[in-house]
>>> print(open('run02.csv').read())   # CSV, C-alpha atoms
chain,number,residue,atom,x,y,z
W,331,MET,CA,-20.8,-1.2,3.2
W,332,LYS,CA,-18.0,-2.1,0.9
W,333,ILE,CA,-14.6,-0.7,1.9
W,334,ALA,CA,-11.3,-0.7,0.0
W,335,VAL,CA,-8.0,0.0,1.9
W,336,GLN,CA,-4.8,1.3,0.6
W,337,VAL,CA,-1.5,1.2,2.6
W,338,ILE,CA,1.4,3.3,1.4
W,339,GLU,CA,4.0,2.9,4.1
W,340,GLY,CA,6.1,0.0,5.1
W,341,PRO,CA,5.8,-2.1,8.2
W,342,TYR,CA,7.3,-1.2,11.6
W,343,ASN,CA,8.8,2.0,10.3
W,344,ASN,CA,5.4,3.6,10.2
W,345,GLN,CA,2.2,2.8,12.1
W,346,ALA,CA,0.1,2.9,8.9
W,347,SER,CA,0.0,-0.9,8.5
W,348,ASP,CA,-1.0,-1.4,12.1
W,349,SER,CA,-3.8,1.2,11.9
W,350,ALA,CA,-5.1,-0.4,8.7
W,351,TYR,CA,-5.1,-3.8,10.2
W,352,HIS,CA,-7.0,-2.7,13.3
W,353,PHE,CA,-9.4,-0.7,11.1
W,354,ILE,CA,-10.1,-3.8,8.9
W,355,THR,CA,-10.6,-6.1,11.8
W,356,ALA,CA,-13.1,-3.7,13.3
W,357,ALA,CA,-14.9,-3.3,9.9
W,358,LEU,CA,-15.2,-7.0,9.6
W,359,ALA,CA,-16.6,-7.2,13.2
W,360,ARG,CA,-19.2,-4.5,12.1
W,361,GLY,CA,-20.2,-6.7,9.2
W,362,HIS,CA,-18.7,-4.6,6.4
W,363,LYS,CA,-17.1,-6.1,3.3
W,364,ILE,CA,-13.5,-5.4,2.6
W,365,VAL,CA,-13.2,-5.5,-1.2
W,366,GLY,CA,-9.5,-5.5,-1.0
W,367,VAL,CA,-6.3,-4.2,0.5
W,368,PHE,CA,-3.8,-2.6,-1.9
W,369,PHE,CA,-0.2,-2.0,-0.9
W,370,TYR,CA,1.6,0.7,-2.7
W,371,HIS,CA,4.9,2.7,-2.4
W,372,ASN,CA,6.9,1.1,0.5
W,373,GLY,CA,3.6,-0.5,1.6
W,374,VAL,CA,4.5,-3.5,-0.5
W,375,ILE,CA,7.0,-4.6,2.1
W,376,ASN,CA,4.0,-5.4,4.3
W,377,VAL,CA,3.5,-8.7,2.5
W,378,CYS,CA,7.1,-9.8,2.0
W,379,ASN,CA,7.6,-13.3,3.2
W,380,MET,CA,11.3,-12.8,3.9
W,381,ALA,CA,10.6,-10.8,7.1
W,382,LYS,CA,11.6,-12.3,10.4
W,383,PRO,CA,10.6,-9.9,13.2
W,384,PRO,CA,11.7,-10.7,16.8
W,385,GLN,CA,9.4,-13.3,18.4
W,386,ASP,CA,8.2,-10.9,21.1
W,387,ASP,CA,6.8,-8.5,18.5
W,388,ARG,CA,3.8,-8.7,16.2
W,389,ASN,CA,4.5,-10.4,12.9
W,390,ILE,CA,3.0,-7.8,10.5
W,391,GLN,CA,3.6,-9.7,7.3
W,392,LYS,CA,2.2,-13.0,8.7
W,393,ARG,CA,-0.8,-11.2,10.1
W,394,TRP,CA,-1.7,-9.8,6.6
W,395,GLY,CA,-1.4,-13.2,5.1
W,396,GLU,CA,-3.7,-14.7,7.7
W,397,LEU,CA,-6.2,-11.9,7.4
W,398,GLY,CA,-6.4,-12.6,3.6
W,399,ARG,CA,-6.7,-16.4,3.9
W,400,GLU,CA,-9.1,-16.5,6.8
W,401,ASN,CA,-11.5,-13.8,5.5
W,402,GLY,CA,-11.1,-14.3,1.8
W,403,ILE,CA,-9.9,-10.7,1.4
W,404,ASP,CA,-7.9,-9.9,-1.7
W,405,ILE,CA,-4.5,-8.7,-0.4
W,406,VAL,CA,-2.6,-7.1,-3.3
W,407,ALA,CA,0.9,-5.6,-3.5
W,408,CYS,CA,1.5,-3.4,-6.5
W,409,ILE,CA,3.7,-5.3,-8.9
W,410,ALA,CA,5.7,-2.3,-10.2
W,411,ALA,CA,6.3,-0.9,-6.7
W,412,SER,CA,7.2,-4.4,-5.5
W,413,LYS,CA,9.7,-5.0,-8.3
W,414,ARG,CA,11.3,-1.6,-7.7
W,415,ARG,CA,11.9,-2.7,-4.1
W,416,GLY,CA,13.2,-6.2,-4.8
W,417,ILE,CA,10.0,-8.1,-4.1
W,418,CYS,CA,8.8,-10.6,-6.7
W,419,ALA,CA,5.9,-13.0,-6.6
W,420,ASP,CA,8.0,-15.7,-4.8
W,421,HIS,CA,8.6,-13.2,-2.0
W,422,VAL,CA,5.0,-12.6,-1.2
W,423,ILE,CA,3.4,-14.2,1.8
W,424,GLU,CA,0.7,-16.8,1.3
W,425,GLY,CA,-2.7,-15.1,1.3
W,426,ALA,CA,-1.4,-12.1,-0.7
W,427,ARG,CA,-0.4,-11.6,-4.3
W,428,VAL,CA,1.2,-9.1,-6.6
W,429,SER,CA,-0.8,-7.5,-9.3
W,430,GLY,CA,-1.1,-4.2,-11.2
W,431,LEU,CA,-2.5,-0.8,-10.3
W,432,GLY,CA,-5.6,-1.9,-12.2
W,433,GLN,CA,-6.5,-3.8,-9.0
W,434,LEU,CA,-6.5,-0.5,-7.0
W,435,THR,CA,-8.7,1.0,-9.6
W,436,ASP,CA,-11.1,-2.0,-9.5
W,437,MET,CA,-11.3,-1.9,-5.7
W,438,THR,CA,-11.9,1.9,-5.7
W,439,ILE,CA,-14.7,1.6,-8.3
W,440,GLU,CA,-16.3,-1.3,-6.5
W,441,ALA,CA,-16.1,0.1,-2.9
W,442,ASP,CA,-18.3,2.7,-1.3
W,443,ARG,CA,-15.2,4.0,0.5
W,444,LEU,CA,-11.5,4.0,-0.1
W,445,VAL,CA,-9.4,4.6,3.1
W,446,THR,CA,-5.7,5.2,2.7
W,447,PHE,CA,-3.2,4.6,5.5
W,448,GLY,CA,0.2,6.2,5.2
H,145,MET,CA,-3.1,-4.0,-18.8
H,146,GLU,CA,-6.0,-5.9,-17.0
H,147,LYS,CA,-8.5,-3.4,-18.3
H,148,GLU,CA,-12.2,-3.8,-18.3
H,149,LYS,CA,-15.0,-1.4,-19.2
H,150,PRO,CA,-16.9,-0.8,-16.0
H,151,LYS,CA,-20.5,0.5,-16.2
H,152,ILE,CA,-20.0,2.7,-13.1
H,153,VAL,CA,-18.2,6.0,-13.4
H,154,LYS,CA,-16.9,7.4,-10.2
H,155,LYS,CA,-15.5,10.7,-9.3
H,156,ILE,CA,-12.0,10.1,-8.1
H,157,MET,CA,-9.5,12.8,-7.1
H,158,PHE,CA,-5.8,12.4,-6.7
H,159,VAL,CA,-4.6,14.7,-4.0
H,160,MET,CA,-0.8,15.4,-4.4
H,161,ARG,CA,0.8,17.0,-1.4
H,162,HIS,CA,4.5,15.9,-1.7
H,163,ALA,CA,7.3,17.7,-3.4
H,164,PRO,CA,9.0,15.7,-6.2
H,165,HIS,CA,12.4,13.9,-5.9
H,166,GLY,CA,12.7,13.9,-2.1
H,167,THR,CA,10.2,11.1,-1.9
H,168,ILE,CA,8.6,8.9,-4.5
H,169,TYR,CA,5.0,9.8,-3.8
H,170,SER,CA,4.4,12.2,-6.8
H,171,TYR,CA,6.2,9.8,-9.2
H,172,GLU,CA,4.4,6.6,-8.2
H,173,GLY,CA,1.2,8.7,-7.8
H,174,LEU,CA,1.5,9.7,-11.4
H,175,GLU,CA,1.8,6.1,-12.4
H,176,THR,CA,-1.5,5.3,-10.7
H,177,ALA,CA,-3.2,8.2,-12.4
H,178,LEU,CA,-2.1,7.0,-15.8
H,179,ILE,CA,-3.3,3.5,-15.2
H,180,MET,CA,-6.7,4.6,-13.7
H,181,ALA,CA,-7.1,6.9,-16.8
H,182,ALA,CA,-7.7,3.7,-18.8
H,183,TYR,CA,-10.8,2.9,-16.8
H,184,GLU,CA,-12.8,5.8,-18.0
H,185,GLN,CA,-13.6,7.2,-14.6
H,186,ASP,CA,-14.2,10.9,-13.8
H,187,LEU,CA,-10.7,11.7,-12.7
H,188,SER,CA,-9.1,14.9,-11.4
H,189,MET,CA,-5.8,15.8,-9.7
H,190,THR,CA,-5.3,18.5,-7.1
H,191,PHE,CA,-2.0,19.9,-5.9
H,192,ILE,CA,-1.9,21.1,-2.4
H,193,GLY,CA,1.1,22.1,-0.1
H,194,ASP,CA,4.5,21.1,-1.4
H,195,GLY,CA,2.6,19.1,-4.1
H,196,VAL,CA,2.6,22.3,-6.2
H,197,PHE,CA,6.4,22.0,-6.7
H,198,THR,CA,5.7,18.8,-8.7
H,199,LEU,CA,4.6,20.9,-11.7
H,200,VAL,CA,7.3,23.5,-11.7
H,201,LYS,CA,9.1,24.1,-15.1
H,202,ASN,CA,12.8,23.6,-15.6
H,203,GLN,CA,13.3,20.6,-13.3
H,204,LYS,CA,16.7,19.1,-14.3
H,205,THR,CA,17.3,15.8,-12.6
H,206,GLU,CA,20.3,14.7,-14.7
H,207,SER,CA,22.8,15.5,-12.0
H,208,LEU,CA,20.8,13.6,-9.5
H,209,GLY,CA,20.7,10.6,-11.7
H,210,THR,CA,17.0,10.2,-11.1
H,211,LYS,CA,14.2,9.9,-13.7
H,212,GLY,CA,12.8,13.2,-14.9
H,213,PHE,CA,9.2,12.1,-14.6
H,214,VAL,CA,7.8,15.6,-14.4
H,215,ALA,CA,7.5,15.9,-18.2
H,216,THR,CA,5.1,12.9,-18.0
H,217,TYR,CA,2.6,15.1,-16.2
H,218,GLY,CA,2.3,16.7,-19.5
H,219,VAL,CA,0.5,13.7,-21.0
H,220,LEU,CA,-2.3,13.7,-18.3
H,221,GLU,CA,-4.5,15.7,-20.7
H,222,ASP,CA,-3.9,13.2,-23.5
H,223,TYR,CA,-5.0,10.4,-21.0
H,224,GLY,CA,-8.2,12.3,-20.4
H,225,ILE,CA,-7.3,13.8,-17.1
H,226,GLU,CA,-8.1,17.4,-17.8
H,227,LYS,CA,-9.1,18.6,-14.4
H,228,ILE,CA,-5.9,19.7,-12.9
H,229,TYR,CA,-6.3,21.9,-9.9
H,230,VAL,CA,-3.8,23.9,-7.9
H,231,ASP,CA,-4.5,25.3,-4.5
H,232,LYS,CA,-4.1,29.1,-4.7
H,233,GLN,CA,-2.8,29.6,-1.2
H,234,SER,CA,-0.2,26.8,-1.5
H,235,MET,CA,1.0,28.2,-4.8
H,236,GLU,CA,1.3,31.8,-3.5
H,237,ASP,CA,2.9,30.7,-0.2
H,238,ARG,CA,5.6,29.1,-2.2
H,239,GLY,CA,6.3,32.1,-4.4
H,240,LEU,CA,4.8,30.5,-7.5
H,241,LYS,CA,2.4,31.6,-10.2
H,242,PRO,CA,0.4,29.8,-12.9
H,243,ASP,CA,3.1,30.6,-15.6
H,244,ASP,CA,5.7,28.6,-13.5
H,245,PHE,CA,3.9,25.3,-14.2
H,246,ILE,CA,4.6,22.9,-17.1
H,247,ILE,CA,1.0,22.4,-17.9
H,248,PRO,CA,-2.1,24.6,-17.8
H,249,VAL,CA,-3.8,24.3,-14.4
H,250,GLN,CA,-7.0,25.7,-12.8
H,251,VAL,CA,-6.0,27.7,-9.7
H,252,LYS,CA,-8.7,27.3,-7.1
H,253,GLU,CA,-9.5,29.0,-3.8
H,254,THR,CA,-9.5,26.9,-0.6
H,255,SER,CA,-13.3,26.9,-0.5
H,256,GLU,CA,-13.5,25.7,-4.1
H,257,ILE,CA,-11.1,22.8,-3.4
H,258,SER,CA,-13.1,21.9,-0.3
H,259,ALA,CA,-16.3,21.7,-2.4
H,260,LEU,CA,-14.5,19.6,-5.1
H,261,MET,CA,-13.2,17.2,-2.5
H,262,GLU,CA,-16.7,16.8,-1.0
H,263,GLU,CA,-18.2,15.8,-4.3
H,264,GLN,CA,-15.8,13.0,-4.9
H,265,ASP,CA,-16.6,9.3,-4.5
H,266,ALA,CA,-13.0,8.7,-3.5
H,267,THR,CA,-9.8,10.7,-3.0
H,268,VAL,CA,-6.4,9.1,-3.5
H,269,PRO,CA,-3.8,10.9,-1.5
H,270,TYR,CA,-0.1,10.7,-2.6
D,437,MET,CA,-16.8,14.4,5.1
D,438,LEU,CA,-14.3,12.7,7.4
D,439,HIS,CA,-10.7,14.1,7.3
D,440,ILE,CA,-8.1,11.7,8.8
D,441,VAL,CA,-4.8,13.2,10.1
D,442,ASN,CA,-2.0,11.0,11.3
D,443,LYS,CA,0.9,13.5,11.7
D,444,SER,CA,2.0,15.4,14.8
D,445,PRO,CA,1.2,19.1,14.4
D,446,PHE,CA,4.5,19.9,16.1
D,447,THR,CA,6.7,18.6,13.3
D,448,ASN,CA,4.4,18.7,10.3
D,449,ASN,CA,1.9,21.1,8.8
D,450,THR,CA,-0.6,18.4,7.7
D,451,LEU,CA,-3.2,19.2,10.4
D,452,THR,CA,-2.9,23.0,9.8
D,453,GLU,CA,-3.3,22.4,6.0
D,454,CYS,CA,-6.2,20.0,6.6
D,455,LEU,CA,-8.0,22.5,8.9
D,456,ARG,CA,-7.9,25.1,6.1
D,457,PHE,CA,-10.1,22.8,3.9
D,458,VAL,CA,-12.5,21.9,6.7
D,459,THR,CA,-16.1,23.2,6.3
D,460,GLN,CA,-19.2,23.2,8.5
D,461,GLY,CA,-20.0,19.6,9.4
D,462,THR,CA,-16.6,18.2,8.5
D,463,VAL,CA,-15.5,15.5,11.0
D,464,ILE,CA,-11.8,15.3,11.9
D,465,LEU,CA,-10.3,12.0,13.1
D,466,LEU,CA,-6.8,12.1,14.6
D,467,ILE,CA,-4.9,8.8,14.5
D,468,GLU,CA,-1.3,7.7,15.2
D,469,ASP,CA,0.9,10.8,15.9
D,470,GLY,CA,-2.1,13.0,14.9
D,471,VAL,CA,-3.5,12.4,18.4
D,472,LEU,CA,-0.6,14.6,19.9
D,473,ALA,CA,-2.8,17.5,18.7
D,474,ALA,CA,-5.4,16.5,21.3
D,475,LYS,CA,-3.2,17.2,24.3
D,476,SER,CA,-4.2,20.2,26.3
D,477,GLY,CA,-1.9,23.0,27.2
D,478,THR,CA,0.2,22.9,24.0
D,479,VAL,CA,0.9,25.7,21.5
D,480,TYR,CA,-1.7,24.0,19.3
D,481,SER,CA,-4.5,23.8,21.9
D,482,SER,CA,-6.1,27.1,21.0
D,483,LYS,CA,-6.3,26.1,17.3
D,484,MET,CA,-8.0,22.8,18.3
D,485,THR,CA,-10.4,24.6,20.7
D,486,GLU,CA,-11.3,27.0,17.9
D,487,THR,CA,-11.9,24.0,15.5
D,488,LEU,CA,-14.2,22.3,18.1
D,489,LYS,CA,-16.6,25.3,17.9
D,490,LYS,CA,-17.7,24.2,14.4
D,491,ASN,CA,-16.4,20.6,13.9
D,492,GLU,CA,-16.4,17.3,15.7
D,493,VAL,CA,-12.9,16.0,16.5
D,494,TYR,CA,-12.3,12.4,17.4
D,495,VAL,CA,-9.2,10.5,18.5
D,496,ILE,CA,-8.4,6.8,18.6
D,497,LYS,CA,-8.2,5.7,22.2
D,498,ALA,CA,-5.4,3.1,21.5
D,499,ASP,CA,-3.2,5.9,20.1
D,500,ILE,CA,-3.9,8.2,23.1
D,501,LEU,CA,-3.1,5.5,25.6
D,502,ALA,CA,0.1,4.4,23.7
D,503,ARG,CA,1.4,7.9,23.9
D,504,GLY,CA,0.3,8.8,27.4
D,505,VAL,CA,-1.5,11.9,26.0
D,506,SER,CA,-3.2,13.5,29.0
D,507,PRO,CA,-5.2,15.4,29.7
D,508,ILE,CA,-7.0,15.8,26.3
D,509,ILE,CA,-8.7,19.0,25.2
D,510,ASP,CA,-12.3,19.4,26.4
D,511,GLY,CA,-14.7,18.5,23.6
D,512,ILE,CA,-12.5,16.0,21.8
D,513,LYS,CA,-14.3,12.7,21.5
D,514,VAL,CA,-12.4,9.5,22.2
D,515,THR,CA,-13.3,6.5,20.0
D,516,ASP,CA,-12.0,3.1,19.1
D,517,TYR,CA,-11.5,1.3,15.7
D,518,GLU,CA,-15.1,0.3,15.6
D,519,GLY,CA,-16.0,4.0,16.1
D,520,PHE,CA,-13.5,4.8,13.3
D,521,VAL,CA,-15.4,2.3,11.0
D,522,ASP,CA,-18.7,4.0,11.9
D,523,LEU,CA,-17.3,7.4,11.0
D,524,VAL,CA,-16.2,6.0,7.6
D,525,GLU,CA,-19.7,4.5,7.1
D,526,LYS,CA,-21.4,7.9,7.8
D,527,ASN,CA,-18.9,10.1,5.8
D,528,LYS,CA,-16.9,10.2,2.7
D,529,VAL,CA,-13.2,10.1,3.6
D,530,HIS,CA,-10.0,11.9,2.8
D,531,SER,CA,-6.7,10.8,4.5
D,532,TRP,CA,-4.1,13.6,4.9
D,533,VAL,CA,-1.2,11.2,4.7
>>> encode(input="run02.csv", output="structure tokens")
Amino acid sequence: MKIAVQVIEGPYNNQASDSAYHFITAALARGHKIVGVFFYHNGVINVCNMAKPPQDDRNIQKRWGELGRENGIDIVACIAASKRRGICADHVIEGARVSGLGQLTDMTIEADRLVTFG
Amino acid sequence: MEKEKPKIVKKIMFVMRHAPHGTIYSYEGLETALIMAAYEQDLSMTFIGDGVFTLVKNQKTESLGTKGFVATYGVLEDYGIEKIYVDKQSMEDRGLKPDDFIIPVQVKETSEISALMEEQDATVPY
Amino acid sequence: MLHIVNKSPFTNNTLTECLRFVTQGTVILLIEDGVLAAKSGTVYSSKMTETLKKNEVYVIKADILARGVSPIIDGIKVTDYEGFVDLVEKNKVHSWV
């Protein structure tokens, strides 16, 4: 099955990003295809490469970048929501990218399911 | 816009449950709807809970210094999003009636909204 | 249809609102703070027990364990993220974020 994921809350402050990550990892283990992960609202902060969480905690941003690179998943932060929050393309972690809301539309059309975490 | 003409037409419903101004959900949610409208999908928008406050007339945001985006909901119809539903109980619980909204809406019973949600290919909650 | 709820019923009316739209056969998945609704002996327990008469209710084990939610209401099913994926495969989804 093809699944698209939308995350609309930021890292650490909300559990949404963690839930989405665990869900996607399990979906991949089950053999499903993740057509993309779209970050919207404060969710865009999940792929900001400026974050430096304490070493004894999970690194949410790094984890998203690795998930994208290692599994060829399109990890997209909404460009308008990113700009509004001070995140430009240079601030996005390797393995993710900024793009328009059209990407969320494409993912939604392509996928059998859209699951939103917020 | 990175617009393509897809062959697939999906039923996609935006489910708006947040009041305007206190959080950005209804504003950025509107932006998503306007972009998706260019993709010629079968779109609808449903207002539940505090989401019904989004469409209330006479919102004046000048003193707040925030963008008065609510008027933009008025262009949804021009963008082809004609199915605008309001949950009857949410509306009544909040002392509102159809005349209080800036655009014409279809007021629906709980069971009707359940049925509409179930026929969607995807719901987009904001 | 699968309805996902991630908010505590004690501070937020999301679960109450969700339950109003639930129909026969709707599956409810509680995640994150949503799992607090699964605790037995709360002011919300009777509503959950009532819901369980006509709907399946699942909780994510990791969220239950993290919050020390115990005991959970009889009839609520405990699952993991793979179980979550299986529910998504079987049902169309709405997240009550």
>>> atom_distance(input="run02.csv", atom1="atom CA of W:Gly425", atom2="atom CA of W:Asn379")
10.6 Å
>>> interface_residues(input="run02.csv", of="chain W", to="chain D", cutoff="12 Å", atoms="all atoms listed in the file", output="ChimeraX atom specification")
/W:331-339,344-364,441-448
>>> residues_near_point(input="run02.csv", point="(5.0, 16.3, -3.1)", cutoff="12 Å", atoms="all atoms listed in the file", output="VMD selection string")
(chain H and resid 159 to 174 190 to 200 214 234 269 to 270) or (chain D and resid 533)
>>> residues_around(input="run02.csv", residues="H:Met157", least_positions_apart="3", cutoff="6 Å", atoms="all atoms listed in the file", output="compact mmCIF listing (two decimals) with C-alpha atoms, in the coordinates of the input")
# COMPACT_ATOMS: atom_id res chain seq x y z
CA LEU H 187 -10.70 11.70 -12.70
CA SER H 188 -9.10 14.90 -11.40
CA MET H 189 -5.80 15.80 -9.70
CA THR H 267 -9.80 10.70 -3.00
>>> residues_around(input="run02.csv", residues="H:Lys201", least_positions_apart="4", cutoff="6 Å", atoms="only C-alpha atoms", output="list of chain:residue names")
H:Asp244, H:Phe245, H:Ile246
>>> atom_distance(input="run02.csv", atom1="atom CA of H:Pro242", atom2="atom CA of D:Leu455")
24.5 Å
>>> closest_atom_pairs(input="run02.csv", of="chain H", to="chain W", cutoff="8 Å", atoms="all atoms listed in the file", output="CSV")
residue,atom,partner,partner_atom,distance
H:Met145,CA,W:Gly432,CA,7.4
H:Glu146,CA,W:Gly432,CA,6.3
H:Lys147,CA,W:Gly432,CA,6.9
H:Ile152,CA,W:Ile439,CA,7.2
H:Val153,CA,W:Ile439,CA,7.6
H:Lys154,CA,W:Ile439,CA,6.5
H:Ile168,CA,W:His371,CA,7.5
H:Tyr169,CA,W:His371,CA,7.2
H:Glu172,CA,W:His371,CA,7.0
H:Thr176,CA,W:Leu431,CA,6.2
H:Ile179,CA,W:Leu431,CA,6.6
H:Met180,CA,W:Thr435,CA,5.8
H:Tyr183,CA,W:Thr435,CA,7.7
H:Asp265,CA,W:Arg443,CA,7.4
H:Ala266,CA,W:Leu444,CA,6.0
H:Thr267,CA,W:Leu444,CA,7.5
H:Val268,CA,W:Thr446,CA,7.4
H:Pro269,CA,W:Thr446,CA,7.3
>>> closest_residue(input="run02.csv", among="H:Ile156, H:Ala215, H:Leu240, H:Ile228", to="chain D", atoms="all atoms listed in the file")
H:Ile156
>>> residues_around(input="run02.csv", residues="D:Ser481", least_positions_apart="2", cutoff="12 Å", atoms="only C-alpha atoms", output="list in words")
Pro445, Phe446, Val471, Leu472, Ala473, Ala474, Lys475, Ser476, Gly477, Thr478, Val479, Lys483, Met484, Thr485, Glu486, Thr487, Leu488, Pro507, Ile508, Ile509, Asp510, Gly511 and Ile512 of chain D
>>> write_last_selection(input="run02.csv", atoms="C-alpha atoms", output="mmCIF file, in the coordinates of the input")
data_model
loop_
_atom_site.group_PDB
_atom_site.id
_atom_site.type_symbol
_atom_site.label_atom_id
_atom_site.label_comp_id
_atom_site.auth_asym_id
_atom_site.auth_seq_id
_atom_site.Cartn_x
_atom_site.Cartn_y
_atom_site.Cartn_z
ATOM 1 C CA PRO D 445 1.200 19.100 14.400
ATOM 2 C CA PHE D 446 4.500 19.900 16.100
ATOM 3 C CA VAL D 471 -3.500 12.400 18.400
ATOM 4 C CA LEU D 472 -0.600 14.600 19.900
ATOM 5 C CA ALA D 473 -2.800 17.500 18.700
ATOM 6 C CA ALA D 474 -5.400 16.500 21.300
ATOM 7 C CA LYS D 475 -3.200 17.200 24.300
ATOM 8 C CA SER D 476 -4.200 20.200 26.300
ATOM 9 C CA GLY D 477 -1.900 23.000 27.200
ATOM 10 C CA THR D 478 0.200 22.900 24.000
ATOM 11 C CA VAL D 479 0.900 25.700 21.500
ATOM 12 C CA LYS D 483 -6.300 26.100 17.300
ATOM 13 C CA MET D 484 -8.000 22.800 18.300
ATOM 14 C CA THR D 485 -10.400 24.600 20.700
ATOM 15 C CA GLU D 486 -11.300 27.000 17.900
ATOM 16 C CA THR D 487 -11.900 24.000 15.500
ATOM 17 C CA LEU D 488 -14.200 22.300 18.100
ATOM 18 C CA PRO D 507 -5.200 15.400 29.700
ATOM 19 C CA ILE D 508 -7.000 15.800 26.300
ATOM 20 C CA ILE D 509 -8.700 19.000 25.200
ATOM 21 C CA ASP D 510 -12.300 19.400 26.400
ATOM 22 C CA GLY D 511 -14.700 18.500 23.600
ATOM 23 C CA ILE D 512 -12.500 16.000 21.800
#
>>> atom_distance(input="run02.csv", atom1="atom CA of D:Val463", atom2="atom CA of D:Thr450")
15.5 Å
>>> build_atoms(input="run02.csv", residues="stretch 428-434 of chain W", atoms="all heavy atoms", output="short mmCIF file (atom, residue, chain, number, x, y, z; two decimals), keeping the file's coordinate frame")
data_model
loop_
_atom_site.label_atom_id
_atom_site.label_comp_id
_atom_site.auth_asym_id
_atom_site.auth_seq_id
_atom_site.Cartn_x
_atom_site.Cartn_y
_atom_site.Cartn_z
N VAL W 428 0.85 -10.36 -5.90
CA VAL W 428 1.20 -9.10 -6.60
C VAL W 428 0.38 -8.96 -7.82
O VAL W 428 0.07 -9.95 -8.51
CB VAL W 428 2.75 -9.09 -7.00
CG1 VAL W 428 3.65 -8.86 -5.81
CG2 VAL W 428 3.15 -10.33 -7.76
N SER W 429 -0.01 -7.74 -8.09
CA SER W 429 -0.80 -7.50 -9.30
C SER W 429 -0.64 -5.98 -9.64
O SER W 429 0.04 -5.25 -8.93
CB SER W 429 -2.24 -7.86 -9.10
OG SER W 429 -2.91 -7.80 -10.35
N GLY W 430 -1.31 -5.59 -10.70
CA GLY W 430 -1.10 -4.20 -11.20
C GLY W 430 -1.99 -3.18 -10.51
O GLY W 430 -2.86 -3.50 -9.70
N LEU W 431 -1.71 -1.94 -10.86
CA LEU W 431 -2.50 -0.80 -10.30
C LEU W 431 -3.95 -0.88 -10.74
O LEU W 431 -4.79 -0.23 -10.13
CB LEU W 431 -1.86 0.50 -10.80
CG LEU W 431 -0.57 0.91 -10.08
CD1 LEU W 431 0.23 1.89 -10.91
CD2 LEU W 431 -0.90 1.51 -8.72
N GLY W 432 -4.23 -1.69 -11.75
CA GLY W 432 -5.60 -1.90 -12.20
C GLY W 432 -6.45 -2.45 -11.00
O GLY W 432 -7.65 -2.19 -10.90
N GLN W 433 -5.78 -3.22 -10.12
CA GLN W 433 -6.50 -3.80 -9.00
C GLN W 433 -6.95 -2.68 -8.03
O GLN W 433 -8.05 -2.74 -7.47
CB GLN W 433 -5.61 -4.77 -8.21
CG GLN W 433 -5.27 -6.00 -9.03
CD GLN W 433 -6.52 -6.74 -9.50
OE1 GLN W 433 -7.36 -7.11 -8.70
NE2 GLN W 433 -6.64 -6.93 -10.81
N LEU W 434 -6.09 -1.67 -7.83
CA LEU W 434 -6.50 -0.50 -7.00
C LEU W 434 -7.67 0.18 -7.60
O LEU W 434 -8.61 0.59 -6.91
CB LEU W 434 -5.30 0.43 -6.79
CG LEU W 434 -5.61 1.73 -6.05
CD1 LEU W 434 -6.03 1.46 -4.60
CD2 LEU W 434 -4.41 2.67 -6.07
#
